[in-house]
Each structure stands twice: as C-alpha cells, then as structure tokens.
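K.L.:
Handing you this structure, nothing more for now.
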Amino acid sequence: MKKMYRHFIHFFVYGIFLLLTASAANSAVTIENGTFSDVTPSGFSVIWQTSEPATPYISIFSDAAGSVDITGDFEVVAFPLHSGDPAIADEYLSDVSKDDIRDQAKMLGLVKLSVFGCAPNTPYYFKIHSQTDTETTTWPEVNPMEVITPGENAFIIDAKQLLVTLSNDAGDLDAAGWIVSAGAEGMLSKVSEFVGDGAGEDQACLNLSNFFDLEGNNWTPAVMKVIDLEVRVPGSNPVQRSATIHFSENFNVSDLVTLNINIDEVADEIPPVVEASPPGGPYSSPQNVILSADEQAYIFYTTDASDPTTDSTPYTEGIAILATTTLKFMGVDSAGNQSDIESEVYTIVDNSPPYVPSGPDPGNGGAGITIETPLNWQGGDPDIGDVVTYDVYYKTGTSAFVLACQDLTETTCQPPLLGFSETYLWQVVAKDSEDQETTGPVWSFTTFAFDGDEDNDGMINEDEISWGTDPFNWDTDRDGYGDGEEFYLGTNFLDSGSKPPYPPQFGDIDGDRDIDGYDLSLLVSLLGTTVGDENFNGRVDFNADGVIDEADLELFTRVFGYAFHQSCDPSADFDNDGDVDGDDLLIFIDLFGLEEEDPGFDLRADYNGDGIINRWDLRIFAMNFGCTFE
C-alpha cells in the first residue's frame with residue numbers, strides 16, 4: 001500500500017513538475033555521468049542523469065561516424081525492470097510496482113536504457129537523447145560512443161549475487177528508482193540495477209556473473225577481488241564505495257553476498273595495518289609466525305621475497321619458518337583498501353631438524369604388495385650441507401616395532417622377506433649430522449596372499465617367488481606363453497626360447513586365430529567321439545590317443561583365452577631396422593582402429609586376423625616390443 005500511495009503521489013507531483021518546467025523557456029535539460037553498462041553478447045545498457053525529467057531514447061549506428069542509423073534493428077527498453085517488488089504476487093499490483101520505480105527514476109532524472117538483439121563480438125556506436133516538451137539534448141554532441149559486445153556466455157563456477165542495502169543517518173531513506181552499479185578492475189563494463197527491482201524497497205541485487213573481462217570472456221575469478229560500487233543519487237554526484245568479495249573454486253548456482261551502504265557516512269579510505277608476530281630477526285629455532293590486522297581484512301603473503309598481490313597465498317593460520325626466510329605480506333579490508341607491503345626477515349642461525357619423511361612407497365594403505373618390496377620415501381634437510389641418515393622400523397599387529405634398516409643415507413630400505421597376507425606398519429626416523437631427529441608418520445600396507453594369483457597366470461604367488469618368476473607379470477620371459485601355462489607343461493618359464501610343444505594353432509578349433517568360447521563349444525560337442533566316427537575331428541584329439549575325452553579337455557583349458565602369435569615376430573618391425581622399438585610403436589598407433597576396407601590398412605599389424613587392428617593386436621605387438629633380429 002505504501003508503494004501504491006507513493007506511486008500516485010509521484011504521478012501527481014511529476015505532472016505539476018512538467019507543467020512548471022514547460023513554462024521555463026530558457027531552462028535546458030542536461031545529460032551528466034553518461035556511461036554504458038551491462039554489456040553482454042546480445043546487448044548493452046546506458047545509464048545517465050538529467051537535470052530534469054525527460055524522455056530517454058537512443059540512436060544506434062553501424063559506423064564510427066554515425067552516418068548509418070540501425071536503431072530499428074534492435075529492441076530498445078527504457079527503464080528496464082526484471083520483477084519490481086518480489087513480495088507482490090498480484091500481476092496488476094506488480095505492474096503498478098514497476099511503473100512506480102520507472103516514474104520515480106524519471107522524476108529524479110535517473111535513466112537506464114537497454115538495447116537487445118546485438119551480435120557477439122561486434123562494435124556498435126550510439127548517442128543518447130533526453131527529450132522534454134520543448135527541447136532535446138544529445139550526448140555526445142559530436143562523435144558517437146563505441147561499445148563492443150563480448151563473445152558467447154560461458155559456464156560460471158561460483159555465481160555471486162551482490163545484495164546492496166542503502167540507508168541514511170536519519171533512517172528515512174526513500175531510494176526507489178535509484179541506480180546501483182558494480183564494477184571491477186579489468187572488466188569490460190559495470191553491471192547495474194534499479195533499487196527496488198527484485199529486492200526490497202531500498203535494495204538492489206546485482207548479478208556479478210554478468211561481468212565480462214577485456215578479452216570478452218566471462219569473468220571467473222577464484223580469489224578475493226575488490227568490487228567498486230556506485231550509487232546514482234538524484235541531485236548530486238554518485239556515491240562511491242568499494243567492497244571485497246571472495247570467489248572460490250566451489251560450484252555455487254547463486255551465492256548471495258550482502259553489503260550495507262550508508263550514503264551519509266564518509267567512505268572508508270583507511271587501509272588496514274598488518275603486523276607479524278614474532279617480528280623478523282635472528283632466532284635459534286624455527287618460528288611460527290602469526291599475521292594479524294587492526295580490522296577485518298584478507299591477508300596475503302609470500303616467502304620467496306617477491307611482492308605479494310591478491311593472487312598470492314592467502315593467510316589462514318600460522319606460517320612455519322624453518323630456515324632463513326624473507327616474509328612479505330599485505331592486507332585488503334572489506335572496503336577494498338590495500339595496505340602497504342610489509343617485509344620481515346627471519347634468520348634461523350642454529351641447525352634445523354630434517355624434513356618430516358613423506359611420500360611413502362608402497363603408498364599408505366596399499367594392498368597386494370609383494371613380500372620382497374623395498375620401502376621408499378622422501379626426506380631431506382632444510383640446512384644446506386647437513387647429512388641425513390635414516391632408521392626404518394616395522395611391525396605387524398600389536399607387536400613392538402623392530403629395526404628393519406639402520407643408518408641409511410639413501411631413502412630406500414630393503415627389509416627382510418615379508419610374510420604373505422600381512423598388514424605391516426612402518427615408520428622412518430630421520431637424523432641429521434647435528435643430532436636433530438624427526439620422526440615420520442606411521443604408514444601401512446598389506447602383502448598379497450601366498451595362495452593368490454596377482455597376475456592371473458595360473459601360478460600362485462608363493463610358487464612364483466619360489467621359482468623366480470614375477471608374480472606381477474603373467475609372462476616373465478616374454479615369450480608369449482604364460483608362466484602358469486609353461487609351469488604345467490614343463491617348459492622353462494625363464495627362457496624365451498623354451499616354448500610349449502603345441503602344434504600350429506593348437507586349440508583353435510574354428511580357425512579364427514584365438515581360443516575362446518566357440519572352440520570350447522565345438523570341443524564339448526565332439527567329446528566321446530573316436531577315430532572312425534563320422535564327426536570325429538583329429539584336430540581336437542590333442543593328445544593323439546584316438547579319442548576325444550577329458551584328457552583333451554584338460555589340455556585345451558591350459559590355452560583357453562589365448563590368441564596365437566609368434567614371439568619376436570619380424571612383422572612387428574614395421575620400419576625394418578632390425579628391432580621392435582618406439583618407432584614401430586608409433587607406426588602401430590597410426591594403424592590402430594583401421595579395418596580391412598580402410599585405406600592404409602596393414603595386414604602385418606592384424607596379428608589375430610580378425611580384420612581390424614585393435615587392442616588385441618596391441619597386446620600381441622607388445623609381446624614383441626624390444627625384440628631384435630639378425
């Protein structure tokens with residue numbers, strides 16, 4: 001009701017005001033503080049102030065001289081509003097609310113005009129006009145203003161909405177129709193909104209996601225930034241304020257930041273004072289430095305003697321000074337005032353302890369670890385010239401730690417042979433030449449099971465370790481036959497020249513160059529047949545005893561899942577230089593994915609003969625990698 005009443009009063013007063021101004025023949029409407037804002041890929045706005053109520057309009061040109069008028073190509077909206085008072089649900093009353101804001105702004109001489117229908121990455125030229133019953137004022141008087149639209153909108157991670165609440169000392173502010181703008185360093189234009197549009201009576205809500213940088217890209221900061229605010233106040237110069245807003249890398253659809261501005265208060269222009277405790281100086285031990293300001297402020301610092309900026313490391317907690325360091329720092333308060341850069345030099349004159357051991361290998365919590373694994377870590381000492389040695393302790397269960405390695409100068413320890421299926425805890429103690437010690441955290445890992453098969457080659461881990469094969473490599477001698485396959489057939493799994501005595505294409509019953517479920521189905525269908533039977537197939541009688549039985553099935557299962565290939569196949573030497581190396585791999589990768597009908601298809605790379613060069617061929621090629629030929 002308050003706004004409706006004010007709407008009718010404004011309408012009445014505005015009418016009287018127009019009658020009075022029309023009679024003043026010598027009065028001239030003036031345009032002040034004109035600037036564009038809200039520049040997007042599809043449009044832009046212009047805001048200005050007039051000395052008296054006037055009707056705004058704009059002329060848009062395609063050339064800098066202002067000779068080609070293209071205004072008719074666009075939708076032009078004077079006093080654009082989004083929703084008016086969001087508390088009003090009734091459509092009629094909502095329209096009344098929006099008209100109230102427009103009338104109030106026009107009566108106060110505050111103008112915003114928006115242009116829609118622009119193309120991205122395009123320059124436009126314009127002049128604005130304010131017209132009364134007796135005259136029209138144009139700005140600029142000579143050459144038009146230029147505005148260049150940015151590129152397409154991009155996805156904004158941290159979408160900030162800035163809600164500005166205006167007040168005065170008397171507590172009776174009526175700011176409906178005022179214009180609030182926000183900008184930032186390096187932005188293409190400001191964003192602006194009318195007070196009362198989509199917010200409370202004395203509030204304006206600004207969408208900072210509409211910022212574009214000077215390169216025409218959406219502004220996506222991930223640190224603290226200073227936002228400059230301007231409040232268009234009727235009859236006086238705009239009120240200027242600044243505020244700091246922290247942008248994160250976390251996803252936020254619409255994160256609301258609030259800010260209060262008392263237009264009667266003097267703007268805060270005093271920067272914060274930031275101090276370090278303890279101050280710089282010589283110390284006999286490492287120091288934990290605390291940075292603090294005399295008011296609420298963001299603090300940024302560096303430890304490499306470079307000058308800090310708002311992109312430097314933000315201060316959150318004490319800074320550990322372990323060696324001689326130049327610490328530089330500065331602060332930015334909530335009003336955007338930046339302090340001087342301060343510098344403190346900390347000289348650590350005595351010895352510092354070694355670094356805390358880190359980067360465990362095996363990784364902390366790792367599983368399936370070999371029982372012969374070495375223990376590795378990262379260490380060192382901040383003091384140049386210090387010699388660091390390491391003691392390594394380990395244990396299982398609730399037993400006490402025992403020494404695994406002592407006085408190591410390298411960051412690796414080979415403990416005694418570990419047990420299968422055990423969880424081990426281990427810890428490193430670093431000692432420097434000045435008898436300073438640093439104890440590392442307790443790490444853990446679990447060894448693989450003795451009866452497990454880490455590489456799925458048919459040999460359990462315990463047997464692989466006993467026989468000297470690699471429990472993490474299904475084919476230790478790289479001859480194309482698995483360790484388990486060779487183990488059960490009695491060939492040497494550590495000698496690439498020793499291969500199972502299979503006849504050509506053994507087990508490949510259907511002749512498709514791999515041994516799969518189709519071959520198994522054929523074998524099962526022939527089980528029980530003997531020489532002389534109509535459907536007997538000698539290729540399936542693997543042991544040549546004249547009958548296809550369980551013995552043949554047992555032999556078949558040993559090769560089930562294999563694709564036939566030849567270890568050290570000369571066809572893998574694509575560049576014919578006598579070895580299979582990285583150059584051949586690059587050639588193979590270029591052929592990867594090709595089919596028989598494709599140009600450039602190389603039959604040599606189709607090892608399994610299925611008409612396409614894919615991961616199965618890569619597997620076979622990999623078995624030839626490193627081969628040389630006489």
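Residues in the structure tokens are named by chain (A, B, ... in the order shown) and by number from 1 within that chain; ligands are numbered from 1 in the order shown.
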DSSP on the backbone, then: every residue of segment 186-435 of chain A marked strand (DSSP E or B), written as a PyMOL selection string.
P.N.:
chain A and resi 187+190-194+203-207+212-213+218+224-232+239-246+252-262+274-277+281-283+287-293+297-302+313-314+319-321+325-333+338+342-348+358-361+366-369+375-378+389-396+402-408+412-413+423-431
K.L.:
Would you mind listing what lies within 12 Å of Asp304 of chain A as a list in words, with only C-alpha atoms counted and same-chain residues fewer than 6 positions away left out?
P.N.:
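Skipping anything fewer than 6 positions along the chain leaves Ser312, Thr313, Ile321, Ala323, Thr324, Thr325, Thr326, Leu327, Lys328, Phe329, Ser343, Glu344 and Val345 of chain A.
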K.L.:
At a cut-off of 12 Å, using only C-alpha atoms, what residues contact Ser525 of chain A? Leave out same-chain residues fewer than 2 positions from it and give the result as a list in words.
P.N.:
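Counting only the stated atoms, we get Ile509, Tyr518, Asp519, Leu520, Ser521, Leu522, Leu523, Leu527, Gly528, Thr529, Asn535, Phe536, Asn537, Val540, Ile548, Asp549 and Leu553 of chain A.
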K.L.:
Looking at A:Asn456, A:Asn33, A:Gln287, A:Thr71, which one is nearest to Asn473 of chain A, with distances taken over only C-alpha atoms?
P.N.:
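Of the candidates, the smallest distance to Asn473 of chain A is held by A:Asn456.
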K.L.:
Between atom CA of Leu162 of chain A and atom CA of Ile341 of chain A, what distance in Å does the model show, to one decimal?
P.N.:
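Spanning atom CA of Leu162 of chain A to atom CA of Ile341 of chain A is a straight-line distance of 29.1 Å.
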K.L.:
Using only C-alpha atoms, pick whichever of A:Val429, A:Asp386, A:Ile101, A:Asn250 has the shortest atom-to-atom distance to Leu403 of chain A.
P.N.:
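With only C-alpha atoms as the atom set, the closest residue is A:Val429.
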K.L.:
Using only C-alpha atoms, pick whichever of A:Asn218, A:Asn143, A:Ser571, A:Gln414 has the shortest atom-to-atom distance to Ser67 of chain A.
P.N.:
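Of the candidates, the smallest distance to Ser67 of chain A is held by A:Asn143.
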K.L.:
Per residue of segment 54-171 of chain A within 12 Å of segment 184-188 of chain A, note the shortest atom pair and the distance in Å to one decimal, counting only C-alpha atoms, and order the rows by chain and increasing residue number, as JSON lines.
P.N.:
```
{"residue": "A:Val147", "atom": "CA", "partner": "A:Leu188", "partner_atom": "CA", "distance": 9.4}
{"residue": "A:Ile148", "atom": "CA", "partner": "A:Leu188", "partner_atom": "CA", "distance": 8.9}
{"residue": "A:Thr149", "atom": "CA", "partner": "A:Leu188", "partner_atom": "CA", "distance": 9.0}
{"residue": "A:Pro150", "atom": "CA", "partner": "A:Leu188", "partner_atom": "CA", "distance": 8.4}
{"residue": "A:Gly151", "atom": "CA", "partner": "A:Leu188", "partner_atom": "CA", "distance": 11.7}
```
K.L.:
Near Arg615 of chain A, within 9 Å and counting only C-alpha atoms, which residues show up once chain neighbours fewer than 5 positions away are dropped, as a CSV table (one decimal) with C-alpha atoms, in the first residue's frame?
P.N.:
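Written output follows (out_8.csv):
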```csv
chain,number,residue,atom,x,y,z
A,592,PHE,CA,45.1,-48.5,-34.7
A,593,GLY,CA,41.4,-48.7,-35.4
A,620,ILE,CA,50.4,-59.3,-29.2
```
K.L.:
So how far away is atom CA of Asp90 of chain A from atom CA of Gly109 of chain A, in Å?
P.N.:
28.7 Å
K.L.:
Counting only C-alpha atoms, which residue out of A:Gln203, A:Ser45, A:Ser62, A:Ser94 sits closest to Glu75 of chain A?
P.N.:
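Closest to Glu75 of chain A of all the choices is A:Ser45.
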K.L.:
For Leu603 of chain A, work out the shell of residues within 12 Å, counting only C-alpha atoms and skipping chain neighbours fewer than 4 positions away, then give it as a PDB file with N, CA and C atoms, in the first residue's frame.
P.N.:
```pdb
ATOM      1  N   SER A 571      57.260 -59.394 -38.320  1.00  0.00           N
ATOM      2  CA  SER A 571      56.263 -58.479 -38.878  1.00  0.00           C
ATOM      3  C   SER A 571      56.047 -57.261 -37.987  1.00  0.00           C
ATOM      4  N   ALA A 572      56.472 -57.344 -36.706  1.00  0.00           N
ATOM      5  CA  ALA A 572      56.335 -56.200 -35.802  1.00  0.00           C
ATOM      6  C   ALA A 572      57.377 -55.132 -36.077  1.00  0.00           C
ATOM      7  N   PHE A 574      58.031 -52.785 -38.231  1.00  0.00           N
ATOM      8  CA  PHE A 574      57.395 -52.094 -39.355  1.00  0.00           C
ATOM      9  C   PHE A 574      58.379 -51.247 -40.151  1.00  0.00           C
ATOM     10  N   PHE A 588      52.443 -48.430 -35.371  1.00  0.00           N
ATOM     11  CA  PHE A 588      51.284 -49.252 -34.993  1.00  0.00           C
ATOM     12  C   PHE A 588      50.125 -48.368 -34.523  1.00  0.00           C
ATOM     13  N   LEU A 591      48.113 -47.004 -37.152  1.00  0.00           N
ATOM     14  CA  LEU A 591      47.254 -48.001 -37.813  1.00  0.00           C
ATOM     15  C   LEU A 591      46.088 -48.419 -36.929  1.00  0.00           C
ATOM     16  N   PHE A 592      46.136 -48.043 -35.645  1.00  0.00           N
ATOM     17  CA  PHE A 592      45.145 -48.511 -34.667  1.00  0.00           C
ATOM     18  C   PHE A 592      43.732 -48.070 -35.084  1.00  0.00           C
ATOM     19  N   LEU A 594      42.045 -49.172 -37.739  1.00  0.00           N
ATOM     20  CA  LEU A 594      41.769 -49.403 -39.153  1.00  0.00           C
ATOM     21  C   LEU A 594      41.158 -50.785 -39.375  1.00  0.00           C
ATOM     22  N   GLU A 595      40.289 -50.883 -40.390  1.00  0.00           N
ATOM     23  CA  GLU A 595      39.685 -52.144 -40.788  1.00  0.00           C
ATOM     24  C   GLU A 595      40.153 -52.492 -42.199  1.00  0.00           C
ATOM     25  N   GLU A 596      39.903 -53.741 -42.605  1.00  0.00           N
ATOM     26  CA  GLU A 596      40.439 -54.231 -43.877  1.00  0.00           C
ATOM     27  C   GLU A 596      40.106 -53.324 -45.051  1.00  0.00           C
ATOM     28  N   GLU A 597      38.858 -52.767 -45.040  1.00  0.00           N
ATOM     29  CA  GLU A 597      38.451 -51.957 -46.179  1.00  0.00           C
ATOM     30  C   GLU A 597      38.982 -50.523 -46.136  1.00  0.00           C
ATOM     31  N   ASP A 598      39.654 -50.140 -45.040  1.00  0.00           N
ATOM     32  CA  ASP A 598      40.147 -48.768 -44.910  1.00  0.00           C
ATOM     33  C   ASP A 598      41.441 -48.578 -45.684  1.00  0.00           C
ATOM     34  N   PRO A 599      41.636 -47.398 -46.296  1.00  0.00           N
ATOM     35  CA  PRO A 599      42.926 -47.110 -46.940  1.00  0.00           C
ATOM     36  C   PRO A 599      44.040 -47.141 -45.896  1.00  0.00           C
ATOM     37  N   TYR A 607      47.391 -59.038 -36.204  1.00  0.00           N
ATOM     38  CA  TYR A 607      48.011 -60.281 -35.775  1.00  0.00           C
ATOM     39  C   TYR A 607      47.017 -61.421 -35.595  1.00  0.00           C
ATOM     40  N   ASN A 608      45.805 -61.104 -35.114  1.00  0.00           N
ATOM     41  CA  ASN A 608      44.847 -62.194 -34.889  1.00  0.00           C
ATOM     42  C   ASN A 608      43.929 -62.402 -36.091  1.00  0.00           C
ATOM     43  N   GLY A 609      44.152 -61.683 -37.189  1.00  0.00           N
ATOM     44  CA  GLY A 609      43.442 -61.904 -38.430  1.00  0.00           C
ATOM     45  C   GLY A 609      41.945 -61.689 -38.373  1.00  0.00           C
ATOM     46  N   ASP A 610      41.501 -60.750 -37.502  1.00  0.00           N
ATOM     47  CA  ASP A 610      40.053 -60.529 -37.392  1.00  0.00           C
ATOM     48  C   ASP A 610      39.576 -59.349 -38.236  1.00  0.00           C
ATOM     49  N   GLY A 611      40.456 -58.789 -39.056  1.00  0.00           N
ATOM     50  CA  GLY A 611      40.035 -57.729 -39.971  1.00  0.00           C
ATOM     51  C   GLY A 611      40.046 -56.338 -39.390  1.00  0.00           C
ATOM     52  N   ILE A 612      40.494 -56.182 -38.149  1.00  0.00           N
ATOM     53  CA  ILE A 612      40.569 -54.865 -37.535  1.00  0.00           C
ATOM     54  C   ILE A 612      41.786 -54.822 -36.628  1.00  0.00           C
ATOM     55  N   ILE A 613      42.460 -53.676 -36.593  1.00  0.00           N
ATOM     56  CA  ILE A 613      43.645 -53.504 -35.751  1.00  0.00           C
ATOM     57  C   ILE A 613      43.185 -52.851 -34.451  1.00  0.00           C
ATOM     58  N   ASP A 617      45.411 -56.876 -30.990  1.00  0.00           N
ATOM     59  CA  ASP A 617      46.648 -56.830 -31.760  1.00  0.00           C
ATOM     60  C   ASP A 617      47.739 -56.085 -30.990  1.00  0.00           C
TER      61      ASP A 617
END
```
K.L.:
Quick one: residues within 10 Å of segment 153-155 of chain A, only C-alpha atoms counted, chain neighbours fewer than 2 positions away excluded, as JSON, numbers by chain?
P.N.:
{"A": [40, 41, 42, 120, 150, 151, 157, 158, 159, 209, 210, 212, 216, 217, 218, 219, 220]}
K.L.:
Could you save those same residues with N, CA and C atoms as a PDB file, in the first residue's frame?
P.N.:
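Output file out_30.pdb follows:
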```pdb
ATOM      1  N   THR A  40      26.730  -7.434 -22.708  1.00  0.00           N
ATOM      2  CA  THR A  40      26.680  -8.889 -22.851  1.00  0.00           C
ATOM      3  C   THR A  40      26.822  -9.236 -24.338  1.00  0.00           C
ATOM      4  N   PRO A  41      26.910 -10.518 -24.671  1.00  0.00           N
ATOM      5  CA  PRO A  41      26.991 -10.867 -26.089  1.00  0.00           C
ATOM      6  C   PRO A  41      25.779 -10.440 -26.906  1.00  0.00           C
ATOM      7  N   SER A  42      24.628 -10.197 -26.257  1.00  0.00           N
ATOM      8  CA  SER A  42      23.410  -9.884 -27.005  1.00  0.00           C
ATOM      9  C   SER A  42      22.864  -8.484 -26.735  1.00  0.00           C
ATOM     10  N   PRO A 120      27.279 -11.091 -30.944  1.00  0.00           N
ATOM     11  CA  PRO A 120      28.522 -11.167 -30.157  1.00  0.00           C
ATOM     12  C   PRO A 120      29.710 -10.634 -30.951  1.00  0.00           C
ATOM     13  N   PRO A 150      30.903  -8.710 -26.081  1.00  0.00           N
ATOM     14  CA  PRO A 150      31.845  -9.812 -25.885  1.00  0.00           C
ATOM     15  C   PRO A 150      31.402 -11.065 -26.617  1.00  0.00           C
ATOM     16  N   GLY A 151      32.151 -12.159 -26.401  1.00  0.00           N
ATOM     17  CA  GLY A 151      31.801 -13.441 -27.006  1.00  0.00           C
ATOM     18  C   GLY A 151      30.643 -14.106 -26.302  1.00  0.00           C
ATOM     19  N   ILE A 157      31.502 -20.983 -12.457  1.00  0.00           N
ATOM     20  CA  ILE A 157      31.574 -21.918 -11.338  1.00  0.00           C
ATOM     21  C   ILE A 157      30.935 -21.315 -10.092  1.00  0.00           C
ATOM     22  N   ASP A 158      31.430 -20.157  -9.659  1.00  0.00           N
ATOM     23  CA  ASP A 158      30.957 -19.529  -8.423  1.00  0.00           C
ATOM     24  C   ASP A 158      30.135 -18.294  -8.777  1.00  0.00           C
ATOM     25  N   ALA A 159      28.810 -18.483  -8.940  1.00  0.00           N
ATOM     26  CA  ALA A 159      27.919 -17.400  -9.365  1.00  0.00           C
ATOM     27  C   ALA A 159      27.559 -16.540  -8.154  1.00  0.00           C
ATOM     28  N   SER A 209      27.770 -12.448 -12.177  1.00  0.00           N
ATOM     29  CA  SER A 209      28.081 -13.401 -13.246  1.00  0.00           C
ATOM     30  C   SER A 209      28.000 -12.743 -14.624  1.00  0.00           C
ATOM     31  N   ASN A 210      27.416 -11.536 -14.687  1.00  0.00           N
ATOM     32  CA  ASN A 210      27.298 -10.827 -15.970  1.00  0.00           C
ATOM     33  C   ASN A 210      28.532 -10.005 -16.297  1.00  0.00           C
ATOM     34  N   PHE A 212      32.105  -9.319 -17.816  1.00  0.00           N
ATOM     35  CA  PHE A 212      32.979  -9.823 -18.871  1.00  0.00           C
ATOM     36  C   PHE A 212      34.299  -9.078 -18.788  1.00  0.00           C
ATOM     37  N   GLY A 216      36.660 -10.220 -23.571  1.00  0.00           N
ATOM     38  CA  GLY A 216      35.331 -10.654 -23.971  1.00  0.00           C
ATOM     39  C   GLY A 216      34.925 -12.001 -23.406  1.00  0.00           C
ATOM     40  N   ASN A 217      35.595 -12.456 -22.342  1.00  0.00           N
ATOM     41  CA  ASN A 217      35.254 -13.722 -21.715  1.00  0.00           C
ATOM     42  C   ASN A 217      34.551 -13.491 -20.387  1.00  0.00           C
ATOM     43  N   ASN A 218      33.697 -14.443 -20.000  1.00  0.00           N
ATOM     44  CA  ASN A 218      33.076 -14.347 -18.679  1.00  0.00           C
ATOM     45  C   ASN A 218      34.155 -14.283 -17.595  1.00  0.00           C
ATOM     46  N   TRP A 219      33.903 -13.443 -16.606  1.00  0.00           N
ATOM     47  CA  TRP A 219      34.857 -13.252 -15.506  1.00  0.00           C
ATOM     48  C   TRP A 219      34.687 -14.388 -14.522  1.00  0.00           C
ATOM     49  N   THR A 220      35.740 -15.194 -14.324  1.00  0.00           N
ATOM     50  CA  THR A 220      35.646 -16.356 -13.426  1.00  0.00           C
ATOM     51  C   THR A 220      36.799 -16.337 -12.436  1.00  0.00           C
TER      52      THR A 220
END
```
